[in-house]
Each structure stands twice: as structure tokens, then as C-alpha cells.
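For reference, the structure discussed in these notes is given below.
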Amino acid sequence: MRGWLREAAGGLPRQFWFLWTGTLINRLGSFVVIYLAIYLTQDLHFSQSQAGLVLGAYGVGGAIGTMGGGVLTDRWGRRPTMLTAQFGAAALMLTLGLAQGFWQLLAGAWLLGIFAEGVRPAFQAMMVDVVPDRDRIRAYSLNYWAVNLGFASAAIAAGFAAQVDYLLLFVVDAGTTLLTALITLVFLTETRPARAAARHARGGPGLGTVFRDRVFVVFLALNFVIVLVIMQHMSTLPIAMSADGLSPATYGWVIAVNGLMIVAGQLFVPKLIDGHNRSRVLALATIILGIGFGLNAFAGTAAFYAITVVIWTLGEMLQSPSNSALVAELSPSLLRGRYQGVNSLSWSAGAALAPVIGGFVQQHAGSAVLWLGCAVIAVLVAVGQLISGPARERRAAELRVSEQAVTGPAPAATEMPHEEDMASPRAVRVPADD
């Protein structure tokens, strides 16, 4: 057991563990997004379409935040970008909890999305900076494990908190976001490339370079489409369960299965997928996701919903570390923030559209059509992963060679940055997702 633990978690840099700790704390209090759909429809009595628009506004804000955060990560620095977003998100979380009218909630969700998601590119770029290539699958699996340990705990605790007072969800979420910002402020150091490299990045390729990278854009398009499926568990799934007479607390326990499974099994995934073709792993993961969500069409009890969560969680466990490590390999070092920002955009855009599309389909065509449609979409994405995979692997290999030729060996993760590179503010929180 000790040997397995050392193999799974040993040898990673100190700064990675501060990032990991911040992720865990933040996710332990991530109450609001989990229960926002229920809060809007049951407590504030919004329609399904109105709830979808508010959740979509969060996603639109997130898309803006990830793009802006990606540019700031390369120009301003990882640490200041993270701090600005984190402190801003803590304040906006409380503001959203006090809002009542539809337009107030719409605007509040939009602003919260900008700050809460703006941290993703900086966080991911810093992780790529400090973790060497050979350890990235392990590092992403460990971080994903922390995300889901926090998520499982939050889903259960938030269900009980919602029965006391929905405002408590917003207060706790704001508090853990603030604590994460303090960890960033006190313990994290800047990891942006040296000043000369940063100046070259400002005068050289920019955000347009990312969108002209066809291999990367095709990969993100596939990711965006499957995000439309995955994000239904935060929007239309709780509404479907409520329509079947299940309580918010029951939804909390059912969705917590997702986090508990990942906590129990995610650290075994790197060894499981080691040596296998990544495109096939991603295709298989997508098929499993589609089966899990598709079976919701036949669910009506808490036990059946829990079984569907078990199935799509298996797909998620295979997909997440492979996806994150591949994005890291396809990101040139001087444009790392921008690439991570555009990658996060696929999640934010999916988060924006998933509740809008899902809510509309659910309201006008019914839940069965929604869930079976998710299964069909997953099959199409799996085919796309198999077709586009060889070009991605060639690009990753070419980039490794060119980076070594231009920059030489990567600096040690403990190398201290120049003092001038550590000035300024910063941004918010996790990755989910992702």
C-alpha cells in the first residue's frame, strides 16, 4: 500500500501540493452551482427556461472570464490573475445570494462566471509550469481526485444546508473561495516564463494563433460537444429528479456517488490507461458517458438515477486526466495561458449552452428525448476522437521536439522567479472540470 501511494503521489513539486490544497478547500464549499437550478425553480419559482437562462448567463460570463484570464495569465502572470478572480468571486457569490429579481440574478450569475472561471487558465498554466511531462497524468489525476472529494462532500452537505436556508449555500461557497485566495496569496509563487520570454510573447503570436491551430480547434470542438452532455448533470438532471418526486437532499446523495467513485478509484486510472492509445481511451470514455446519460430516459427512482451516475462517472474518470494532459502537450510554453484559456472556453461555452438547450428540450420535448439525444451525441463525438487522434499525437510530438530545440531542458520547478515577474493582482478557482 505504501509503495502504491508513493507511486501515485510521490515526487511531485511542493507548489503542486499548494495548488492541490486550494482545489480541495474550494470544492468542499462549492455549493451554489450544484443547487442553483433547484434554488431557482423551487425557492424562487422560476420556470425551467428561466433557470436555464440564469445558468447560461453564468456560462457566458465564464467564457469571457476564461478568454480574458488566458491572456492575462501570459501577460500579467499566473498568480496575479488567480488572486484577482478569487477575491472577486468571493464577493460576487454573496451578492448573488442576496439577489431576488430575474434580471438581478441574470447579471449576478454573468459577473460571477467571469471571475469564478477566470482562474482556470492561470491555475492550469501554473500546474503545467511546475509539473514535468512524465508526471502530468498523475498530477491531473490527483487534482481531479481532490476536486471530486470536495464535490462529493459538498453535494451531501449542500442538500442539508438547502433545507435550512438557501442563503447558507452562498455564504459557505464565498468563504471557501476566500480561503483559497488566501492560500494563493501566502503560499504560491509566480511561475511565468522568464522576462525575456514574456516580452517575446507580447510581441509575437497571440490569441489568434490558438484559433488558427486547426488540430487544437478540432479537439476543442469535440470537447465542447461532449460538455453539452456532461453539464446536464448540473442543470436538467436535478429538475428531472424533482419532477419524479425526489427531494433536493436525494439529488445531493445521488450526485455525490460521482465524487465518491472518483475519490475511491481515480488514483488507479493512470496505471490503467498507461500505454494505451489516448484517442481510443477518449472514444471509449465518451461512449460510456453517453450510455450513462442515455439511461436517464428510463430512470424514475433514486436507485436507478444512482446507477446512471455510476456508469457516466466511469467514463468521466477515463476522460478527464487524458484530456488535461493532452491539452498541456498541445500548448506551446509562451502561449500556455492562452491555450488553457481557449480550452476552458470550450467548457464555459458548453456550460452556457447546456442548461439553455437542455432546459428547452426538456420543457418542450420531454426528458426522454433529452437523454436519448445525449447518447447519440456521445457516439458521434467518439467517432470524431478516433478520426482526429493521429493528427493530435503528431502535433504533440512535433511540439515536444521544437520546445526542446528552442528552450532547452525545462527549468527546475523550484527555480525562483524574477522579482519583477511577481507584481500585481490575481484570479479564482478550480478546475473541473473540469
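Residues are referred to by chain and number: the chain letter is A, B, ... according to the order shown in the C-alpha cells, the number counts from 1 in that chain, and ligands are numbered separately from 1 in the order shown.
Excluding Gly265 of chain A itself and any same-chain residue fewer than 3 positions from it, the protein and nucleic acid residues within 12 Å of it, counting only C-alpha atoms, are Ala8, Ser141, Leu142, Tyr144, Trp145, Asn148, Leu149, Val257, Asn258, Gly259, Leu260, Met261, Ile262, Phe268, Val269, Pro270, Lys271, Leu272, Val310, Thr313, Leu314, Glu316, Met317 and Leu318 of chain A.
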If DSSP is run on the backbone, what residues of segment 160-298 of chain A are alpha helix (DSSP H)? A reply as a PyMOL selection string would be ideal.
chain A and resi 160-164+166-187+195-203+207-211+214-230+236-243+248-265+269-273+278-294
Excluding same-chain residues fewer than 3 positions from Glu393 of chain A, what lies within 9 Å of it counting only C-alpha atoms, as a list in words?
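Here the answer would be Arg278, Ser279, Leu326, Leu330, Gly389, Pro390, Ala396, Ala397 and Glu398 of chain A.
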With N, CA and C atoms retained, export the selected residues as a compact mmCIF listing (two decimals), in the first residue's frame.
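Wrote it out as again.txt, contents follow:
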```
# COMPACT_ATOMS: atom_id res chain seq x y z
N ARG A 278 -4.33 7.18 -26.65
CA ARG A 278 -5.18 8.16 -25.98
C ARG A 278 -6.49 8.42 -26.71
N SER A 279 -6.45 8.39 -28.02
CA SER A 279 -7.68 8.63 -28.78
C SER A 279 -8.71 7.54 -28.53
N LEU A 326 -3.35 15.99 -22.53
CA LEU A 326 -3.24 16.25 -23.96
C LEU A 326 -3.25 17.74 -24.25
N LEU A 330 -0.27 20.00 -26.09
CA LEU A 330 -0.53 20.77 -27.31
C LEU A 330 -0.34 22.27 -27.11
N GLY A 389 -7.55 11.69 -33.80
CA GLY A 389 -6.49 11.36 -32.87
C GLY A 389 -5.08 11.34 -33.44
N PRO A 390 -4.83 10.69 -34.58
CA PRO A 390 -3.45 10.63 -35.11
C PRO A 390 -2.83 12.01 -35.35
N ALA A 396 1.62 16.85 -30.97
CA ALA A 396 2.23 16.83 -29.64
C ALA A 396 3.71 16.44 -29.73
N ALA A 397 4.01 15.44 -30.56
CA ALA A 397 5.39 15.01 -30.71
C ALA A 397 6.24 16.12 -31.34
N GLU A 398 5.72 16.79 -32.37
CA GLU A 398 6.45 17.89 -33.01
C GLU A 398 6.72 19.02 -32.03
```
May I ask which of the residues A:Gln124, A:Asn323, A:Ser235, A:Asn296 is the closest one to Leu53 of chain A, counting only C-alpha atoms?
A:Ser235
Need to verify the contact set: Gln86 of chain A, 12 Å, only C-alpha atoms, exclusion of same-chain residues closer than 4 positions in sequence. Can you return it as an mmCIF file with C-alpha atoms, in the first residue's frame?
```
data_model
loop_
_atom_site.group_PDB
_atom_site.id
_atom_site.type_symbol
_atom_site.label_atom_id
_atom_site.label_comp_id
_atom_site.auth_asym_id
_atom_site.auth_seq_id
_atom_site.Cartn_x
_atom_site.Cartn_y
_atom_site.Cartn_z
ATOM 1 C CA GLY A 22 -6.553 25.148 -2.701
ATOM 2 C CA THR A 23 -8.577 22.993 -5.097
ATOM 3 C CA ASN A 26 -12.579 25.421 -2.773
ATOM 4 C CA GLY A 65 -13.513 35.033 -17.956
ATOM 5 C CA GLY A 69 -7.886 35.015 -17.886
ATOM 6 C CA ARG A 79 -0.519 34.427 -9.586
ATOM 7 C CA PRO A 80 -1.965 37.933 -10.029
ATOM 8 C CA THR A 81 -4.620 36.621 -12.414
ATOM 9 C CA MET A 82 -5.677 33.954 -9.924
ATOM 10 C CA ALA A 90 -16.000 35.513 -3.194
ATOM 11 C CA ALA A 91 -17.661 38.950 -3.177
ATOM 12 C CA LEU A 92 -19.947 38.172 -6.117
ATOM 13 C CA MET A 93 -21.065 34.866 -4.574
ATOM 14 C CA LEU A 112 -19.770 35.554 -11.115
ATOM 15 C CA GLY A 113 -18.991 33.430 -14.176
ATOM 16 C CA ILE A 114 -16.370 35.942 -15.342
ATOM 17 C CA PHE A 115 -14.466 35.866 -12.054
ATOM 18 C CA ALA A 116 -15.082 32.267 -10.970
ATOM 19 C CA GLU A 117 -13.928 30.805 -14.281
ATOM 20 C CA GLY A 118 -11.161 33.340 -14.917
ATOM 21 C CA VAL A 119 -8.847 31.391 -12.641
ATOM 22 C CA ARG A 120 -8.843 28.237 -14.749
ATOM 23 C CA ALA A 122 -3.871 30.559 -14.673
ATOM 24 C CA PHE A 123 -4.313 27.501 -12.478
ATOM 25 C CA ASP A 173 -19.209 28.960 -1.037
ATOM 26 C CA ALA A 174 -17.946 32.540 -0.689
ATOM 27 C CA GLY A 175 -16.000 31.613 2.457
ATOM 28 C CA THR A 176 -14.138 28.693 0.892
ATOM 29 C CA THR A 177 -13.357 30.756 -2.215
ATOM 30 C CA LEU A 178 -11.876 33.434 0.033
ATOM 31 C CA LEU A 179 -9.786 30.851 1.885
ATOM 32 C CA THR A 180 -8.466 29.536 -1.433
ATOM 33 C CA ALA A 181 -7.466 33.090 -2.389
ATOM 34 C CA LEU A 182 -5.542 33.432 0.870
ATOM 35 C CA ILE A 183 -3.627 30.199 0.122
ATOM 36 C CA THR A 184 -2.699 31.652 -3.260
ATOM 37 C CA LEU A 185 -1.630 34.936 -1.663
ATOM 38 C CA PRO A 425 -3.310 41.095 -8.509
ATOM 39 C CA ARG A 426 -4.953 37.787 -9.497
ATOM 40 C CA ALA A 427 -7.937 35.358 -10.016
ATOM 41 C CA VAL A 428 -10.204 32.389 -8.979
ATOM 42 C CA ARG A 429 -10.502 28.744 -8.574
ATOM 43 C CA VAL A 430 -10.949 25.252 -9.792
#
```
Do a neighbour search on Val227 of chain A at 7 Å with only C-alpha atoms, toss out local chain neighbours closer than 3 positions, and write the hits as number ranges by chain.
A: 223-224, 230-231, 347, 350
List as a CSV table (one decimal) with N, CA and C atoms, in the first residue's frame the protein and nucleic acid residues near segment 10-20 of chain A, meaning an atom at most 8 Å away when only C-alpha atoms are counted, but skip any in the same chain fewer than 6 places from it.
```csv
chain,number,residue,atom,x,y,z
A,123,PHE,N,-4.5,28.7,-13.3
A,123,PHE,CA,-4.3,27.5,-12.5
A,123,PHE,C,-3.7,26.4,-13.3
A,127,MET,N,0.1,24.8,-13.1
A,127,MET,CA,0.3,23.3,-12.9
A,127,MET,C,1.2,22.7,-14.0
A,130,VAL,N,4.9,23.8,-13.3
A,130,VAL,CA,5.7,23.2,-12.2
A,130,VAL,C,5.8,21.7,-12.2
A,131,VAL,N,4.9,21.0,-13.1
A,131,VAL,CA,4.9,19.5,-13.1
A,131,VAL,C,5.6,19.1,-14.4
A,135,ASP,N,5.1,13.4,-15.3
A,135,ASP,CA,4.2,13.3,-14.1
A,135,ASP,C,2.9,13.9,-14.3
A,139,ALA,N,-0.4,14.0,-11.8
A,139,ALA,CA,-0.8,15.2,-11.2
A,139,ALA,C,-2.2,15.6,-11.5
A,142,LEU,N,-4.5,13.3,-9.5
A,142,LEU,CA,-4.6,13.7,-8.1
A,142,LEU,C,-5.4,15.0,-7.9
A,143,ASN,N,-5.3,15.9,-8.8
A,143,ASN,CA,-6.1,17.1,-8.7
A,143,ASN,C,-7.5,16.8,-8.9
A,146,ALA,N,-9.0,15.4,-5.8
A,146,ALA,CA,-9.3,16.4,-4.9
A,146,ALA,C,-10.6,17.2,-5.2
A,183,ILE,N,-4.7,31.2,0.4
A,183,ILE,CA,-3.6,30.2,0.1
A,183,ILE,C,-2.8,30.7,-1.1
A,184,THR,N,-3.4,31.1,-2.1
A,184,THR,CA,-2.7,31.7,-3.3
A,184,THR,C,-1.8,32.8,-2.9
A,187,PHE,N,1.1,31.3,-0.2
A,187,PHE,CA,2.0,30.2,-0.4
A,187,PHE,C,2.4,30.0,-1.9
A,188,LEU,N,1.7,30.6,-2.8
A,188,LEU,CA,2.1,30.3,-4.2
A,188,LEU,C,3.0,31.4,-4.8
A,189,THR,N,4.0,31.0,-5.5
A,189,THR,CA,4.9,32.0,-6.2
A,189,THR,C,4.6,32.0,-7.7
A,413,ALA,N,11.4,22.9,-11.1
A,413,ALA,CA,10.1,23.5,-10.6
A,413,ALA,C,10.4,24.4,-9.4
A,414,THR,N,11.5,24.3,-8.7
A,414,THR,CA,11.8,25.1,-7.5
A,414,THR,C,12.5,26.4,-7.9
```
Quick one, how far is atom CA of Gly373 of chain A from atom CA of Phe31 of chain A?
28.3 Å
